[in-house]
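The block underneath contains the structure these notes are about, expressed in structure tokens.
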Amino acid sequence: MEIVSIVGARPQFIKAALVSKKLREKGIKEILVHTGQHYDFNMSDVFFRELGLLEPDYYLGIGSGNHGEQTGKMLIEIEKVLLKEKPDIVIVYGDTNSTLAGALTAAKLHIPVAHVEAGLRSYNKDMPEEINRVLTDHISTFLFAPTKTAVENLHKEGISKGVYQVGDVMFDVALESIKMVDEEKVLVKYGLKPKEFILATIHRAENTDVRENLINIWNALNEIASYGDKIIFPIHPRTKKALNEVGIDINFRNENLLLTEPVSYFEMLALEKNAKLIITDSGGVQKEGYFWGTPCVIPRNETEWIELVEIGFNKLAGNKSEEIIKCSLEILNGEKQYNLIEHFYGKGDASDKIVFYIIHPQK
Ligand code: UD1
Ligand code: UDP
């Protein structure tokens with residue numbers, strides 16, 4: 001059996017790490033394709049190094065661009081690879097433009113698509129990710145859903161064949177990786193103490209490209225920092241650029257707001273685990289917070305990981321400063337103990353299950 005796996009953006013390198021390793025352990029020939037959607041060292045190479053991913057067999061070098069341009073270039077280049085390699089299955093991850101391009105190219109060539117992280121929905125079609133994930137699900141043969149909610153979402157859209165609830169591959173990778181992280185070293189590097197700081201990440205288009213939302217979030221972070229806790233904010237290149245474009249000089253900020261370049265995955269795990277609060281619009285980060293028992297305030301109006309909001313662990317705050325500050329203070333000042341016993345994301349064996357079902361599809 002020959003498989004082409006398609007990755008391109010930061011979270012996809014992480015999601016693919018164990019599936020790739022386990023496919024190869026089973027003797028399956030895997031051809032790894034990197035679209036080049038993310039290309040900076042700290043958005044791409046660092047993850048290959050830390051997670052032991054092999055060098056991509058094809059690096060397409062697509063880079064940044066408008067959605068049509070970026071996705072279109074990917075379609076052209078991925079098609080060349082698939083025509084040459086003629087794989088039995090194409091695996092795609094998550095909901096980026098690399099996901100949709102990989103799935104669409106394969107489906108048009110009648111190659112079965114396996115979608116890892118199928119069935120997630122925000123029900124907000126203004127999000128490019130929502131379009132990518134809905135379309136990908138509807139042309140996939142294997143739909144590897146992380147949660148019960150994801151399975152139900154697929155059923156609501158009439159998709160039941162090929163759906164497997166396997167758990168979350170990010171949980172598998174986080175559990176494996178945390179063993180290799182020197183948490184103390186990371187905290188010392190950034191001048192932080194366990195449970196005495198806040199971690200923030202922002203990159204969602206609705207927050208970076210809508211001027212008012214970006215300013216609101218920036219103001220909220222500065223205000224929260226002024227109450228005394230340090231906030232470490234590894235800044236996504238998109239966000240750095242957007243802050244500059246709206247005329248915010250990031251050098252003028254509260255002294256407790258610590259800006260860094262994007263950090264490595266191992267560093268990120270250490271920061272998430274030791275933070276007392278995370279403020280993030282990232283899909284991956286809000287869930288990883290839960291793995292370590294660190295609650296999140298999400299500056300969005302909806303989330304795909306709704307179960308964590310439903311149990312009151314994470315809070316959706318929208319994009320207004322006051323609400324982001326209020327939700328953050330509620331968590332910082334609250335004494336609520338959360339029930340973390342419930343395993344929404346499986347047992348850390350999602351990647352084993354995916355490889356099993358790829359080899360033994362259910363009829
Ligand atoms: C993409 C995904 C998003 C995912 C995120 C993970 C889409 C539509 N969006 O968003 O779902 O959550 O990745 O991080 O696929 N840039 C650099 N260096 C890089 C990469 C990007 O400077 O290595 C800058 C460029 O200015 C680029 C901008 O970031 O225009 C946005 O990059 P892009 O890949 O288009 O989208 P993301 O916001 O990263
Ligand atoms: N991440 C990282 N360094 C950072 C920010 C995020 O290693 O500076 C990791 C994070 O731990 C998670 C993944 O990147 O595993 C999430 O990616 P991102 O937030 O870019 O995208 P999303 O999950 O929202 O699609």
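Here's how to read the names in the structure tokens: chain A, B, ... by the order shown, residue numbers from 1 in each chain, ligand numbers from 1 in the order shown.
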**Message:** Applying 7 Å and only C-alpha atoms, which residues near Ala150 of chain A remain after dropping the ones on its own chain fewer than 6 positions away? List them as an MDAnalysis selection string.
**Reply:** chainID A and resid 118:120
**Message:** Please return, as a PyMOL selection string, all residues of segment 267-344 of chain A that DSSP assigns to strand (DSSP E) on the basis of the backbone.
**Reply:** chain A and resi 277-280+296-298+315-316
Please produce an output containing all heavy atoms for each residue in the selection, written as a CSV table (one decimal), in the first residue's frame.
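Ended up saving to result25.csv:
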```csv
chain,number,residue,atom,x,y,z
A,277,LEU,N,-3.6,30.6,33.0
A,277,LEU,CA,-4.7,30.9,32.1
A,277,LEU,C,-4.1,31.0,30.7
A,277,LEU,O,-2.9,31.5,30.5
A,277,LEU,CB,-5.3,32.3,32.5
A,277,LEU,CG,-6.2,32.9,31.5
A,277,LEU,CD1,-7.5,32.1,31.3
A,277,LEU,CD2,-6.6,34.4,31.9
A,278,ILE,N,-4.8,30.6,29.7
A,278,ILE,CA,-4.4,30.8,28.3
A,278,ILE,C,-5.5,31.6,27.6
A,278,ILE,O,-6.7,31.4,27.8
A,278,ILE,CB,-4.3,29.4,27.6
A,278,ILE,CG1,-3.3,28.5,28.2
A,278,ILE,CG2,-4.0,29.6,26.1
A,278,ILE,CD1,-3.2,27.1,27.7
A,279,ILE,N,-5.1,32.6,26.9
A,279,ILE,CA,-6.0,33.4,26.1
A,279,ILE,C,-5.6,33.1,24.6
A,279,ILE,O,-4.5,33.4,24.2
A,279,ILE,CB,-5.9,34.9,26.4
A,279,ILE,CG1,-6.1,35.2,27.9
A,279,ILE,CG2,-6.8,35.7,25.5
A,279,ILE,CD1,-5.9,36.7,28.3
A,280,THR,N,-6.5,32.4,23.9
A,280,THR,CA,-6.2,32.0,22.6
A,280,THR,C,-7.3,31.8,21.7
A,280,THR,O,-8.4,31.5,22.1
A,280,THR,CB,-5.4,30.6,22.7
A,280,THR,OG1,-4.9,30.3,21.4
A,280,THR,CG2,-6.4,29.5,23.1
A,296,CYS,N,-8.9,28.1,29.2
A,296,CYS,CA,-8.7,29.1,28.2
A,296,CYS,C,-9.9,30.1,28.1
A,296,CYS,O,-11.0,29.7,28.2
A,296,CYS,CB,-8.6,28.5,26.8
A,296,CYS,SG,-7.2,27.4,26.6
A,297,VAL,N,-9.5,31.3,27.8
A,297,VAL,CA,-10.5,32.3,27.3
A,297,VAL,C,-10.3,32.4,25.8
A,297,VAL,O,-9.1,32.6,25.4
A,297,VAL,CB,-10.2,33.7,28.0
A,297,VAL,CG1,-11.0,34.8,27.3
A,297,VAL,CG2,-10.6,33.6,29.5
A,298,ILE,N,-11.4,32.3,25.1
A,298,ILE,CA,-11.3,32.2,23.6
A,298,ILE,C,-11.9,33.5,23.0
A,298,ILE,O,-13.1,33.7,23.1
A,298,ILE,CB,-12.0,31.0,23.1
A,298,ILE,CG1,-11.5,29.7,23.8
A,298,ILE,CG2,-11.9,30.9,21.6
A,298,ILE,CD1,-12.4,28.5,23.6
A,315,LYS,N,-13.9,29.4,28.1
A,315,LYS,CA,-14.9,30.5,28.0
A,315,LYS,C,-14.8,31.1,26.7
A,315,LYS,O,-13.7,31.6,26.3
A,315,LYS,CB,-14.8,31.5,29.1
A,315,LYS,CG,-15.2,31.1,30.5
A,315,LYS,CD,-14.9,32.2,31.4
A,315,LYS,CE,-15.1,31.8,32.9
A,315,LYS,NZ,-16.5,31.6,33.3
A,316,LEU,N,-15.9,31.2,26.0
A,316,LEU,CA,-16.0,32.0,24.7
A,316,LEU,C,-16.2,33.5,25.1
A,316,LEU,O,-17.2,33.8,25.7
A,316,LEU,CB,-17.1,31.5,23.8
A,316,LEU,CG,-16.9,30.3,23.0
A,316,LEU,CD1,-18.2,29.9,22.3
A,316,LEU,CD2,-15.8,30.6,21.9
```
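With only C-alpha atoms as the atoms that count, the minimum distance from Glu30 of chain A to the choices A:Val173, A:Val90, A:Ile331, A:Leu187 is reached by A:Val90.
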**Request:** Compute the set of protein, DNA and RNA residues whose minimum atom distance to ligand 1 is at most 7 Å, using only C-alpha atoms and all ligand atoms, and state it as an NGL selection string.
**Result:** :A and (9-11 or 37-40 or 43-44 or 64-65 or 67 or 95-98 or 128-129 or 203-205 or 237-238 or 241 or 282-283)
Selection from above, N, CA and C atoms, as a compact mmCIF listing (two decimals), in the first residue's frame, can you write it?
```
# COMPACT_ATOMS: atom_id res chain seq x y z
N ALA A 9 0.91 23.46 7.09
CA ALA A 9 0.85 24.52 8.11
C ALA A 9 1.21 23.94 9.48
N ARG A 10 1.65 24.82 10.37
CA ARG A 10 2.16 24.42 11.69
C ARG A 10 1.39 23.28 12.37
N PRO A 11 0.07 23.43 12.57
CA PRO A 11 -0.60 22.36 13.32
C PRO A 11 -0.59 21.02 12.59
N GLN A 37 2.95 26.01 2.74
CA GLN A 37 2.06 27.10 3.22
C GLN A 37 2.74 27.86 4.34
N HIS A 38 3.33 27.14 5.28
CA HIS A 38 4.18 27.76 6.30
C HIS A 38 5.63 27.42 5.97
N TYR A 39 6.49 28.41 6.11
CA TYR A 39 7.85 28.23 5.57
C TYR A 39 8.94 28.81 6.48
N ASP A 40 8.60 29.72 7.40
CA ASP A 40 9.63 30.25 8.31
C ASP A 40 10.18 29.08 9.14
N MET A 43 8.00 28.29 12.01
CA MET A 43 6.63 27.86 11.67
C MET A 43 6.64 26.49 11.00
N SER A 44 7.83 25.98 10.68
CA SER A 44 7.88 24.71 9.94
C SER A 44 9.04 23.80 10.38
N SER A 64 2.83 32.07 0.83
CA SER A 64 1.61 32.81 1.19
C SER A 64 0.93 33.38 -0.05
N GLY A 65 -0.33 33.78 0.13
CA GLY A 65 -1.06 34.41 -0.98
C GLY A 65 -2.53 34.47 -0.65
N HIS A 67 -6.46 33.44 -0.92
CA HIS A 67 -6.97 32.05 -0.84
C HIS A 67 -6.98 31.34 -2.19
N ASP A 95 -7.90 21.65 8.67
CA ASP A 95 -8.84 22.51 7.93
C ASP A 95 -8.17 23.69 7.22
N THR A 96 -6.92 23.53 6.84
CA THR A 96 -6.26 24.67 6.18
C THR A 96 -6.44 24.57 4.67
N ASN A 97 -5.91 25.56 3.96
CA ASN A 97 -5.97 25.51 2.50
C ASN A 97 -5.20 24.30 1.98
N SER A 98 -4.16 23.88 2.67
CA SER A 98 -3.42 22.67 2.26
C SER A 98 -4.31 21.43 2.36
N PRO A 128 -12.50 30.78 6.73
CA PRO A 128 -11.98 29.94 5.63
C PRO A 128 -11.87 28.48 6.05
N GLU A 129 -11.56 28.26 7.33
CA GLU A 129 -11.40 26.88 7.81
C GLU A 129 -12.71 26.09 7.74
N HIS A 203 -4.24 34.34 16.04
CA HIS A 203 -3.90 34.36 14.62
C HIS A 203 -5.10 34.23 13.69
N ARG A 204 -6.28 33.99 14.26
CA ARG A 204 -7.47 33.74 13.45
C ARG A 204 -7.77 34.95 12.56
N ALA A 205 -8.15 34.73 11.31
CA ALA A 205 -8.39 35.83 10.37
C ALA A 205 -9.40 36.85 10.94
N PRO A 237 3.25 35.23 12.69
CA PRO A 237 3.68 36.27 11.74
C PRO A 237 2.53 37.08 11.17
N ARG A 238 1.40 36.43 10.99
CA ARG A 238 0.23 37.13 10.46
C ARG A 238 -0.21 38.26 11.42
N LYS A 241 2.25 41.23 11.53
CA LYS A 241 2.05 42.07 10.34
C LYS A 241 0.77 42.92 10.50
N SER A 282 -6.61 29.93 18.97
CA SER A 282 -6.11 28.74 18.26
C SER A 282 -6.98 27.53 18.59
N GLY A 283 -7.23 26.71 17.59
CA GLY A 283 -7.97 25.48 17.84
C GLY A 283 -7.15 24.53 18.68
```
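The residue that comes closest to Leu332 of chain A, out of A:Ile232, A:Ile354, A:Ile198, A:Leu308 and on the basis of only C-alpha atoms, is A:Ile198.
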**Asked** Near Asn333 of chain A, within 12 Å and counting only C-alpha atoms, which residues show up once chain neighbours fewer than 4 positions away are dropped, as a PyMOL selection string?
**Response** chain A and resi 227+276-277+325-329
Go ahead and dump the residues you just picked, all heavy atoms, as a PDB file, in the first residue's frame.
```pdb
ATOM      1  N   TYR A 227      -2.608  44.308  35.501  1.00  0.00           N
ATOM      2  CA  TYR A 227      -3.026  43.851  36.831  1.00  0.00           C
ATOM      3  C   TYR A 227      -1.912  43.087  37.549  1.00  0.00           C
ATOM      4  O   TYR A 227      -2.077  42.627  38.655  1.00  0.00           O
ATOM      5  CB  TYR A 227      -4.282  42.963  36.746  1.00  0.00           C
ATOM      6  CG  TYR A 227      -5.476  43.642  36.092  1.00  0.00           C
ATOM      7  CD1 TYR A 227      -6.421  42.896  35.399  1.00  0.00           C
ATOM      8  CD2 TYR A 227      -5.664  45.020  36.163  1.00  0.00           C
ATOM      9  CE1 TYR A 227      -7.513  43.498  34.783  1.00  0.00           C
ATOM     10  CE2 TYR A 227      -6.743  45.627  35.550  1.00  0.00           C
ATOM     11  CZ  TYR A 227      -7.664  44.873  34.861  1.00  0.00           C
ATOM     12  OH  TYR A 227      -8.727  45.476  34.253  1.00  0.00           O
ATOM     13  N   LYS A 276      -1.311  29.839  34.184  1.00  0.00           N
ATOM     14  CA  LYS A 276      -2.531  29.695  34.995  1.00  0.00           C
ATOM     15  C   LYS A 276      -3.772  29.985  34.157  1.00  0.00           C
ATOM     16  O   LYS A 276      -4.880  29.639  34.537  1.00  0.00           O
ATOM     17  CB  LYS A 276      -2.476  30.559  36.250  1.00  0.00           C
ATOM     18  CG  LYS A 276      -2.274  32.024  36.065  1.00  0.00           C
ATOM     19  CD  LYS A 276      -2.330  32.650  37.463  1.00  0.00           C
ATOM     20  CE  LYS A 276      -1.944  34.101  37.447  1.00  0.00           C
ATOM     21  NZ  LYS A 276      -2.007  34.697  38.769  1.00  0.00           N
ATOM     22  N   LEU A 277      -3.552  30.605  33.026  1.00  0.00           N
ATOM     23  CA  LEU A 277      -4.652  30.911  32.107  1.00  0.00           C
ATOM     24  C   LEU A 277      -4.064  31.021  30.711  1.00  0.00           C
ATOM     25  O   LEU A 277      -2.932  31.502  30.544  1.00  0.00           O
ATOM     26  CB  LEU A 277      -5.295  32.253  32.499  1.00  0.00           C
ATOM     27  CG  LEU A 277      -6.230  32.912  31.484  1.00  0.00           C
ATOM     28  CD1 LEU A 277      -7.520  32.111  31.342  1.00  0.00           C
ATOM     29  CD2 LEU A 277      -6.568  34.354  31.902  1.00  0.00           C
ATOM     30  N   ILE A 325     -11.534  40.681  29.114  1.00  0.00           N
ATOM     31  CA  ILE A 325     -10.982  40.978  30.446  1.00  0.00           C
ATOM     32  C   ILE A 325     -11.841  40.317  31.529  1.00  0.00           C
ATOM     33  O   ILE A 325     -11.328  39.662  32.448  1.00  0.00           O
ATOM     34  CB  ILE A 325     -10.909  42.520  30.667  1.00  0.00           C
ATOM     35  CG1 ILE A 325      -9.943  43.148  29.653  1.00  0.00           C
ATOM     36  CG2 ILE A 325     -10.499  42.852  32.098  1.00  0.00           C
ATOM     37  CD1 ILE A 325     -10.045  44.656  29.526  1.00  0.00           C
ATOM     38  N   LYS A 326     -13.162  40.465  31.394  1.00  0.00           N
ATOM     39  CA  LYS A 326     -14.079  39.905  32.408  1.00  0.00           C
ATOM     40  C   LYS A 326     -13.906  38.379  32.520  1.00  0.00           C
ATOM     41  O   LYS A 326     -13.754  37.835  33.623  1.00  0.00           O
ATOM     42  CB  LYS A 326     -15.527  40.253  32.011  1.00  0.00           C
ATOM     43  CG  LYS A 326     -16.573  39.847  33.005  1.00  0.00           C
ATOM     44  CD  LYS A 326     -17.926  40.473  32.637  1.00  0.00           C
ATOM     45  CE  LYS A 326     -19.062  39.636  33.150  1.00  0.00           C
ATOM     46  NZ  LYS A 326     -19.565  38.606  32.241  1.00  0.00           N
ATOM     47  N   CYS A 327     -13.907  37.697  31.381  1.00  0.00           N
ATOM     48  CA  CYS A 327     -13.765  36.232  31.403  1.00  0.00           C
ATOM     49  C   CYS A 327     -12.410  35.835  31.990  1.00  0.00           C
ATOM     50  O   CYS A 327     -12.312  34.859  32.746  1.00  0.00           O
ATOM     51  CB  CYS A 327     -13.868  35.661  29.986  1.00  0.00           C
ATOM     52  SG  CYS A 327     -15.526  35.737  29.321  1.00  0.00           S
ATOM     53  N   SER A 328     -11.380  36.590  31.659  1.00  0.00           N
ATOM     54  CA  SER A 328     -10.040  36.263  32.174  1.00  0.00           C
ATOM     55  C   SER A 328     -10.011  36.425  33.692  1.00  0.00           C
ATOM     56  O   SER A 328      -9.488  35.563  34.411  1.00  0.00           O
ATOM     57  CB  SER A 328      -8.982  37.172  31.538  1.00  0.00           C
ATOM     58  OG  SER A 328      -8.978  36.995  30.153  1.00  0.00           O
ATOM     59  N   LEU A 329     -10.596  37.505  34.185  1.00  0.00           N
ATOM     60  CA  LEU A 329     -10.589  37.747  35.636  1.00  0.00           C
ATOM     61  C   LEU A 329     -11.401  36.681  36.366  1.00  0.00           C
ATOM     62  O   LEU A 329     -11.037  36.248  37.457  1.00  0.00           O
ATOM     63  CB  LEU A 329     -11.118  39.148  35.950  1.00  0.00           C
ATOM     64  CG  LEU A 329     -10.185  40.297  35.525  1.00  0.00           C
ATOM     65  CD1 LEU A 329     -10.800  41.643  35.840  1.00  0.00           C
ATOM     66  CD2 LEU A 329      -8.798  40.169  36.169  1.00  0.00           C
TER      67      LEU A 329
END
```
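With only C-alpha atoms and all ligand atoms as the atoms that count, the residue of A:Glu50, A:Glu79, A:Glu183, A:Asp57 with the shortest distance to ligand 2 is A:Glu50.
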